[in-house]
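Text of coords06.cif, listed as mmCIF, C-alpha atoms:
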data_target
#
loop_
_atom_site.label_atom_id
_atom_site.label_comp_id
_atom_site.auth_asym_id
_atom_site.auth_seq_id
_atom_site.Cartn_x
_atom_site.Cartn_y
_atom_site.Cartn_z
CA MET A 1 102.80 125.01 88.64
CA SER A 2 101.43 121.54 87.87
CA SER A 3 100.76 119.03 90.60
CA HIS A 4 102.00 115.45 90.43
CA ASP A 5 98.53 114.20 89.45
CA GLY A 6 98.43 116.49 86.38
CA ALA A 7 96.26 119.25 87.86
CA VAL A 8 97.32 122.83 87.26
CA MET A 9 97.54 125.15 90.25
CA PRO A 10 95.98 128.58 89.58
CA LEU A 11 98.31 131.55 89.71
CA LEU A 12 96.71 133.06 92.81
CA ASP A 13 96.93 129.76 94.67
CA HIS A 14 100.53 129.49 93.55
CA LEU A 15 101.29 132.94 94.99
CA ARG A 16 99.45 132.12 98.23
CA GLU A 17 101.49 128.94 98.56
CA PHE A 18 104.68 130.89 97.98
CA ARG A 19 103.69 133.48 100.61
CA LYS A 20 102.88 130.76 103.11
CA ARG A 21 106.25 129.08 102.65
CA ILE A 22 108.10 132.41 102.91
CA ILE A 23 106.30 133.26 106.16
CA ARG A 24 107.07 129.87 107.68
CA ALA A 25 110.71 130.08 106.65
CA ALA A 26 110.98 133.60 108.11
CA LEU A 27 109.38 132.46 111.37
CA SER A 28 111.83 129.58 111.70
CA ILE A 29 114.73 131.98 111.15
CA LEU A 30 113.35 134.37 113.78
CA VAL A 31 112.90 131.56 116.31
CA PHE A 32 116.51 130.46 115.98
CA ALA A 33 117.63 134.08 115.87
CA GLY A 34 116.42 134.16 119.46
CA LEU A 35 119.13 131.63 120.28
CA GLY A 36 121.67 133.87 118.58
CA TRP A 37 120.44 136.76 120.72
CA ALA A 38 120.59 134.70 123.94
CA TYR A 39 124.10 133.37 123.26
CA TYR A 40 125.39 136.54 121.63
CA ASN A 41 128.42 136.99 123.91
CA GLN A 42 129.56 133.38 123.47
CA ILE A 43 129.18 133.65 119.67
CA ILE A 44 131.14 136.89 119.53
CA THR A 45 133.88 135.38 121.69
CA THR A 46 134.13 132.37 119.36
CA LEU A 47 134.18 134.45 116.16
CA ALA A 48 136.79 136.85 117.54
CA SER A 49 139.15 134.13 118.76
CA PRO A 50 141.31 134.09 115.58
CA VAL A 51 142.14 137.78 116.20
CA CYS A 52 142.16 138.08 119.97
CA ASP A 53 141.14 136.33 123.19
CA LEU A 54 138.04 138.13 124.43
CA LYS A 55 137.92 136.07 127.62
CA ALA A 56 141.42 137.19 128.56
CA ALA A 57 140.54 140.78 127.71
CA GLN A 58 137.46 140.64 129.91
CA ALA A 59 139.46 139.07 132.75
CA ASN A 60 141.90 141.98 132.56
CA GLN A 61 138.96 144.40 132.47
CA ALA A 62 140.08 145.78 129.13
CA THR A 63 137.75 148.07 127.23
CA ASN A 64 138.60 146.51 123.87
CA CYS A 65 140.31 143.50 122.40
CA GLY A 66 143.29 143.83 120.12
CA ALA A 67 142.44 145.39 116.77
CA LEU A 68 138.66 144.83 116.88
CA TYR A 69 136.33 147.68 117.75
CA ILE A 70 132.70 148.82 117.49
CA SER A 71 131.86 152.41 116.60
CA GLY A 72 128.74 154.54 116.94
CA VAL A 73 125.93 154.78 119.45
CA LEU A 74 123.83 152.16 117.66
CA GLY A 75 126.84 150.03 116.69
CA PRO A 76 126.53 147.47 119.51
CA LEU A 77 122.77 147.04 118.99
CA ASN A 78 123.11 146.73 115.20
CA LEU A 79 125.87 144.18 115.62
CA GLN A 80 123.82 142.03 118.00
CA ILE A 81 120.80 142.10 115.67
CA LYS A 82 122.98 141.21 112.68
CA VAL A 83 124.69 138.32 114.48
CA SER A 84 121.36 136.98 115.77
CA LEU A 85 119.74 136.99 112.33
CA LEU A 86 122.71 135.33 110.67
CA VAL A 87 122.81 132.65 113.36
CA GLY A 88 119.10 132.09 112.72
CA VAL A 89 119.67 131.67 108.97
CA ILE A 90 122.43 129.10 109.53
CA ILE A 91 120.75 127.05 112.27
CA ALA A 92 117.31 127.15 110.62
CA ALA A 93 118.72 125.85 107.31
CA PRO A 94 116.88 122.46 107.57
CA PHE A 95 113.57 124.26 108.11
CA TRP A 96 113.73 126.78 105.28
CA LEU A 97 115.13 124.09 102.99
CA TYR A 98 112.06 122.02 103.83
CA GLN A 99 109.81 124.97 102.97
CA LEU A 100 111.60 125.23 99.62
CA TRP A 101 110.97 121.53 99.02
CA ALA A 102 107.32 121.81 100.09
CA PHE A 103 106.82 124.64 97.59
CA ILE A 104 108.13 122.69 94.60
CA ALA A 105 106.76 119.29 95.76
CA PRO A 106 103.39 119.59 93.94
CA ALA A 107 105.28 119.65 90.62
CA LEU A 108 107.15 116.43 91.41
CA HIS A 109 106.13 112.82 91.18
CA ARG A 110 106.07 110.74 94.35
CA ARG A 111 109.51 109.24 93.79
CA GLU A 112 111.00 112.65 92.95
CA ARG A 113 109.52 114.11 96.13
CA ARG A 114 111.11 111.30 98.12
CA ASN A 115 114.46 112.13 96.54
CA SER A 116 113.88 115.79 97.48
CA ILE A 117 113.57 114.71 101.12
CA LEU A 118 116.90 112.92 100.78
CA PHE A 119 118.34 116.15 99.37
CA ILE A 120 117.17 118.10 102.43
CA VAL A 121 118.54 115.47 104.82
CA ALA A 122 121.94 115.50 103.10
CA ALA A 123 122.14 119.25 102.49
CA THR A 124 122.25 120.17 106.18
CA PRO A 125 125.30 118.08 107.24
CA PHE A 126 127.20 119.03 104.09
CA PHE A 127 126.56 122.71 104.75
CA ALA A 128 127.65 122.21 108.36
CA ALA A 129 130.83 120.44 107.23
CA GLY A 130 131.69 123.35 104.96
CA ALA A 131 131.02 125.87 107.73
CA ILE A 132 133.21 123.95 110.17
CA LEU A 133 136.03 123.73 107.63
CA ALA A 134 135.73 127.49 107.06
CA TYR A 135 136.08 128.14 110.80
CA LEU A 136 139.16 125.91 110.92
CA VAL A 137 140.69 127.79 107.98
CA LEU A 138 139.78 131.19 109.47
CA PRO A 139 142.83 131.57 111.80
CA LEU A 140 145.19 130.83 108.90
CA ALA A 141 143.41 133.32 106.67
CA ILE A 142 143.53 136.01 109.37
CA LYS A 143 147.22 135.40 109.99
CA VAL A 144 148.06 135.63 106.28
CA LEU A 145 146.00 138.78 105.69
CA PHE A 146 147.23 140.55 108.81
CA GLY A 147 150.76 139.71 107.71
CA PHE A 148 150.49 142.36 104.98
CA THR A 149 150.17 145.12 107.59
CA PRO A 150 153.36 147.25 107.75
CA GLU A 151 155.24 146.97 111.05
CA SER A 152 155.04 150.73 111.58
CA LEU A 153 151.22 150.74 111.43
CA ASN A 154 148.38 149.36 113.53
CA ASN A 155 145.53 147.55 111.83
CA LEU A 156 142.25 148.58 113.48
CA VAL A 157 139.41 146.40 112.24
CA LYS A 158 135.77 147.34 112.67
CA PHE A 159 133.95 144.30 113.99
CA ASP A 160 131.14 144.73 111.43
CA ASP A 161 133.69 144.39 108.63
CA TYR A 162 135.34 141.45 110.36
CA LEU A 163 131.97 139.76 110.83
CA ASP A 164 131.15 140.22 107.13
CA PHE A 165 134.46 138.59 106.25
CA VAL A 166 133.90 135.64 108.60
CA LEU A 167 130.32 135.01 107.49
CA ARG A 168 131.26 135.34 103.83
CA LEU A 169 133.91 132.68 104.36
CA ILE A 170 131.45 130.40 106.18
CA LEU A 171 128.67 130.85 103.62
CA ILE A 172 130.98 130.29 100.64
CA PHE A 173 132.36 127.08 102.14
CA GLY A 174 128.91 125.91 103.19
CA ILE A 175 127.27 126.58 99.83
CA ALA A 176 130.21 125.09 97.94
CA PHE A 177 129.87 121.85 99.89
CA GLU A 178 126.32 121.52 98.50
CA LEU A 179 127.78 120.72 95.05
CA PRO A 180 127.76 116.90 95.45
CA VAL A 181 124.27 117.02 96.97
CA PHE A 182 122.92 118.86 93.94
CA LEU A 183 124.68 116.54 91.49
CA VAL A 184 123.44 113.35 93.15
CA SER A 185 119.93 114.76 93.51
CA LEU A 186 119.80 115.65 89.81
CA ASN A 187 120.97 112.14 89.04
CA LEU A 188 118.29 110.56 91.25
CA ILE A 189 115.49 112.42 89.47
CA GLY A 190 116.94 111.49 86.08
CA VAL A 191 118.21 114.89 84.95
CA LEU A 192 121.92 114.02 84.90
CA SER A 193 123.65 110.69 84.35
CA GLY A 194 126.90 109.69 85.98
CA LYS A 195 128.74 109.83 82.65
CA SER A 196 127.44 113.34 81.94
CA ILE A 197 128.72 114.44 85.34
CA LEU A 198 132.20 112.96 85.00
CA ARG A 199 132.75 113.42 81.26
CA PRO A 200 133.72 117.14 81.52
CA TRP A 201 135.89 116.56 84.60
CA ARG A 202 138.69 118.80 83.33
CA PHE A 203 136.29 121.71 82.92
CA ALA A 204 134.73 120.90 86.30
CA VAL A 205 138.08 121.02 88.08
CA PHE A 206 138.93 124.26 86.31
CA GLY A 207 135.51 125.69 87.24
CA ILE A 208 135.99 124.71 90.90
CA THR A 209 139.41 126.38 90.94
CA LEU A 210 138.02 129.49 89.26
CA PHE A 211 135.10 129.63 91.73
CA VAL A 212 137.43 129.37 94.72
CA ALA A 213 139.79 132.01 93.33
CA SER A 214 136.93 134.39 92.53
CA PHE A 215 134.80 134.13 95.66
CA SER A 216 137.24 133.18 98.39
CA PRO A 217 137.77 136.14 100.77
CA THR A 218 141.46 135.30 101.02
CA ALA A 219 144.10 135.26 98.31
CA ASP A 220 146.58 132.90 99.97
CA PRO A 221 147.02 129.52 98.24
CA LEU A 222 146.69 127.46 101.43
CA SER A 223 143.18 128.60 102.31
CA MET A 224 142.06 128.35 98.68
CA ALA A 225 143.46 124.83 98.47
CA ALA A 226 141.59 123.98 101.67
CA LEU A 227 138.36 124.58 99.73
CA ALA A 228 139.37 123.52 96.20
CA VAL A 229 140.78 120.09 97.13
CA PRO A 230 137.73 118.88 99.14
CA LEU A 231 135.39 120.25 96.46
CA THR A 232 137.23 118.35 93.74
CA LEU A 233 137.12 115.13 95.77
CA LEU A 234 133.41 115.61 96.47
CA TYR A 235 132.78 116.20 92.76
CA PHE A 236 134.38 112.88 91.80
CA ALA A 237 132.61 111.13 94.69
CA ALA A 238 129.26 112.47 93.47
CA GLY A 239 130.05 111.26 89.96
CA GLY A 240 130.93 107.80 91.30
CA ILE A 241 127.69 107.59 93.26
CA ALA A 242 125.76 108.67 90.17
CA LEU A 243 127.41 105.88 88.15
CA LEU A 244 126.35 103.32 90.76
CA VAL A 245 122.79 104.67 90.67
CA ASP A 246 122.78 104.45 86.87
CA LYS A 247 123.96 100.81 86.98
CA ARG A 248 121.28 99.90 89.52
CA ARG A 249 118.66 101.68 87.43
CA ALA A 250 119.81 99.85 84.29
CA ARG A 251 119.68 96.46 86.05
CA ALA A 252 116.18 97.23 87.32
CA ALA A 253 115.06 98.22 83.82
CA ALA A 254 116.58 95.06 82.29
CA LYS A 255 114.92 92.88 84.91
CA TYR A 256 111.59 94.57 84.27
CA SER A 257 111.97 93.99 80.53
CA ASP A 258 112.83 90.31 81.07
CA ASP A 259 109.81 89.81 83.34
CA GLU A 260 107.55 91.52 80.84
CA ALA A 261 108.91 89.36 78.02
CA SER A 262 108.37 86.20 80.10
CA GLU A 263 104.78 87.17 80.74
CA VAL A 264 104.22 87.71 77.01
CA GLU A 265 105.80 84.35 76.11
CA GLY A 266 103.77 82.54 78.75
CA ALA A 267 100.45 83.99 77.62
CA GLN A 268 98.06 81.58 75.81
CA PRO A 269 97.13 82.53 72.25
CA ILE A 270 93.54 83.69 71.82
CA ASP A 271 91.61 81.88 69.12
CA SER A 272 89.60 83.91 66.68
CA PRO A 273 85.80 83.42 66.84
CA GLY A 274 85.55 81.82 63.42
CA GLU A 275 88.46 79.41 63.75
CA GLU A 276 87.58 75.72 63.85
CA HIS A 277 89.49 73.19 65.94
#
Starting from the coordinates I provided, produce the structure as structure tokens.
Amino acid sequence: MSSHDGAVMPLLDHLREFRKRIIRAALSILVFAGLGWAYYNQIITTLASPVCDLKAAQANQATNCGALYISGVLGPLNLQIKVSLLVGVIIAAPFWLYQLWAFIAPALHRRERRNSILFIVAATPFFAAGAILAYLVLPLAIKVLFGFTPESLNNLVKFDDYLDFVLRLILIFGIAFELPVFLVSLNLIGVLSGKSILRPWRFAVFGITLFVASFSPTADPLSMAALAVPLTLLYFAAGGIALLVDKRRARAAAKYSDDEASEVEGAQPIDSPGEEH
């Protein structure tokens, strides 16, 4: 990896830097996983609410809640560890994103590193917005999917499987909402122009629809539209922002060229040594 001043980082130093960033990212995840461990019961209650009311079940001293269950001697412990770690990954997102930026920062110029900081600042709220939207869509998705259960049968759902479904939905929505952040960041560092982002808009809309249909945990059109429509709007918004950045960049370049030309025109000619006046 080359640093911004042109120096080349040796391979061993590069690997040491990578190890240091990985360790720091892992420590940040573990620290916030402690919060997931401490608030485990509240998190489980919140995640289970689309299926059943755990608070009401506990008030009635029920041994289970609706169709959700945990099996095995180590099942409860494994579930709590899994929930804690996943909570740590989600909450610690700003920290491990910063470690990612710090690892690639030596290869960037000063302005590009500043834009990377803007990427980190914007990535967290966009991921959170996607996760919140996923949680709002979750009850609808559960209702639609449970609706396929025959009336003569009971649908017993292992909580591990249910948790995988919920977290997959949250992660897909959260990662998908990073699309405009990536597009604008690539535009700020000069990799993509606004026209190159918006020119293939038909293919982009088709790609968004294909992505939602392929990776969405649910097959109902309402929940897929809940992700596809905001993603499409965010794509066009990112393209519009990129166009504005390109116009500002073009004006700055034109102004710089005019100033440079004025300086050249205002410069006094230098007489040659042998020229007589």
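Our summary of the geometry notes that CA of Ile90 (chain A) is positioned 26.8 Å from CA of Phe236 (chain A).
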Might you pull out every residue within 12 Å of Arg168 (chain A), with only C-alpha atoms counted and same-chain residues fewer than 2 positions away left off, and present them as a compact mmCIF listing (two decimals) with C-alpha atoms, in the frame of the given file?
# COMPACT_ATOMS: atom_id res chain seq x y z
CA LEU A 86 122.71 135.33 110.67
CA ALA A 131 131.02 125.87 107.73
CA ALA A 134 135.73 127.49 107.06
CA TYR A 135 136.08 128.14 110.80
CA LEU A 138 139.78 131.19 109.47
CA ASP A 161 133.69 144.39 108.63
CA TYR A 162 135.34 141.45 110.36
CA LEU A 163 131.97 139.76 110.83
CA ASP A 164 131.15 140.22 107.13
CA PHE A 165 134.46 138.59 106.25
CA VAL A 166 133.90 135.64 108.60
CA ILE A 170 131.45 130.40 106.18
CA LEU A 171 128.67 130.85 103.62
CA ILE A 172 130.98 130.29 100.64
CA PHE A 173 132.36 127.08 102.14
CA GLY A 174 128.91 125.91 103.19
CA ILE A 175 127.27 126.58 99.83
CA ALA A 176 130.21 125.09 97.94
CA PHE A 215 134.80 134.13 95.66
CA SER A 216 137.24 133.18 98.39
CA PRO A 217 137.77 136.14 100.77
CA THR A 218 141.46 135.30 101.02
Expand the PyMOL selection byres ((chain A and resi 137) around 10) into the individual residues it matches in the shown file, reporting them as an NGL selection string. :A and (50 or 131-136 or 138-142 or 169-170 or 222-224 or 226-227)
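CA of Tyr235 (chain A) lies 8.6 Å from CA of Ile197 (chain A).
Using only C-alpha atoms, the nearest neighbour of Arg249 (chain A) within the list A:Glu17, A:Gly194, A:Lys158, A:Gly207 is A:Gly194.
The space separating CA of Trp37 (chain A) from CA of Ala123 (chain A) comes to 25.3 Å.
Evaluating the PyMOL selection byres ((chain A and resi 74-85) around 9) against the shown model yields Ile29, Leu30, Phe32, Ala33, Gly34, Leu35, Gly36, Trp37, Ala38, Tyr39, Tyr40, Ile43, Ile44, Ile70, Ser71, Gly72, Val73, Leu86, Val87, Gly88, Val89, Ile90, Phe159, Asp160 and Leu163 of chain A.
Counting all atoms listed in the file, the residue from A:Leu145, A:Leu11, A:Ala102, A:Ala237 that sits nearest to Val51 (chain A) is A:Leu145.
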Using the chain letters and numbers from the file, which residues does the PyMOL selection byres ((chain A and resi 178) around 12) grab, as an MDAnalysis selection string? chainID A and resid 119:131 171:177 179:185 230:231 234:235 238
Please give the centre and size of the box around region 250-256 of chain A (axis-aligned, containing every atom listed in the file, 8 Å added per side), with values in Å to one decimal and written as JSON.
{"center_x": 115.7, "center_y": 96.4, "center_z": 84.8, "size_x": 24.2, "size_y": 23.0, "size_z": 21.0}
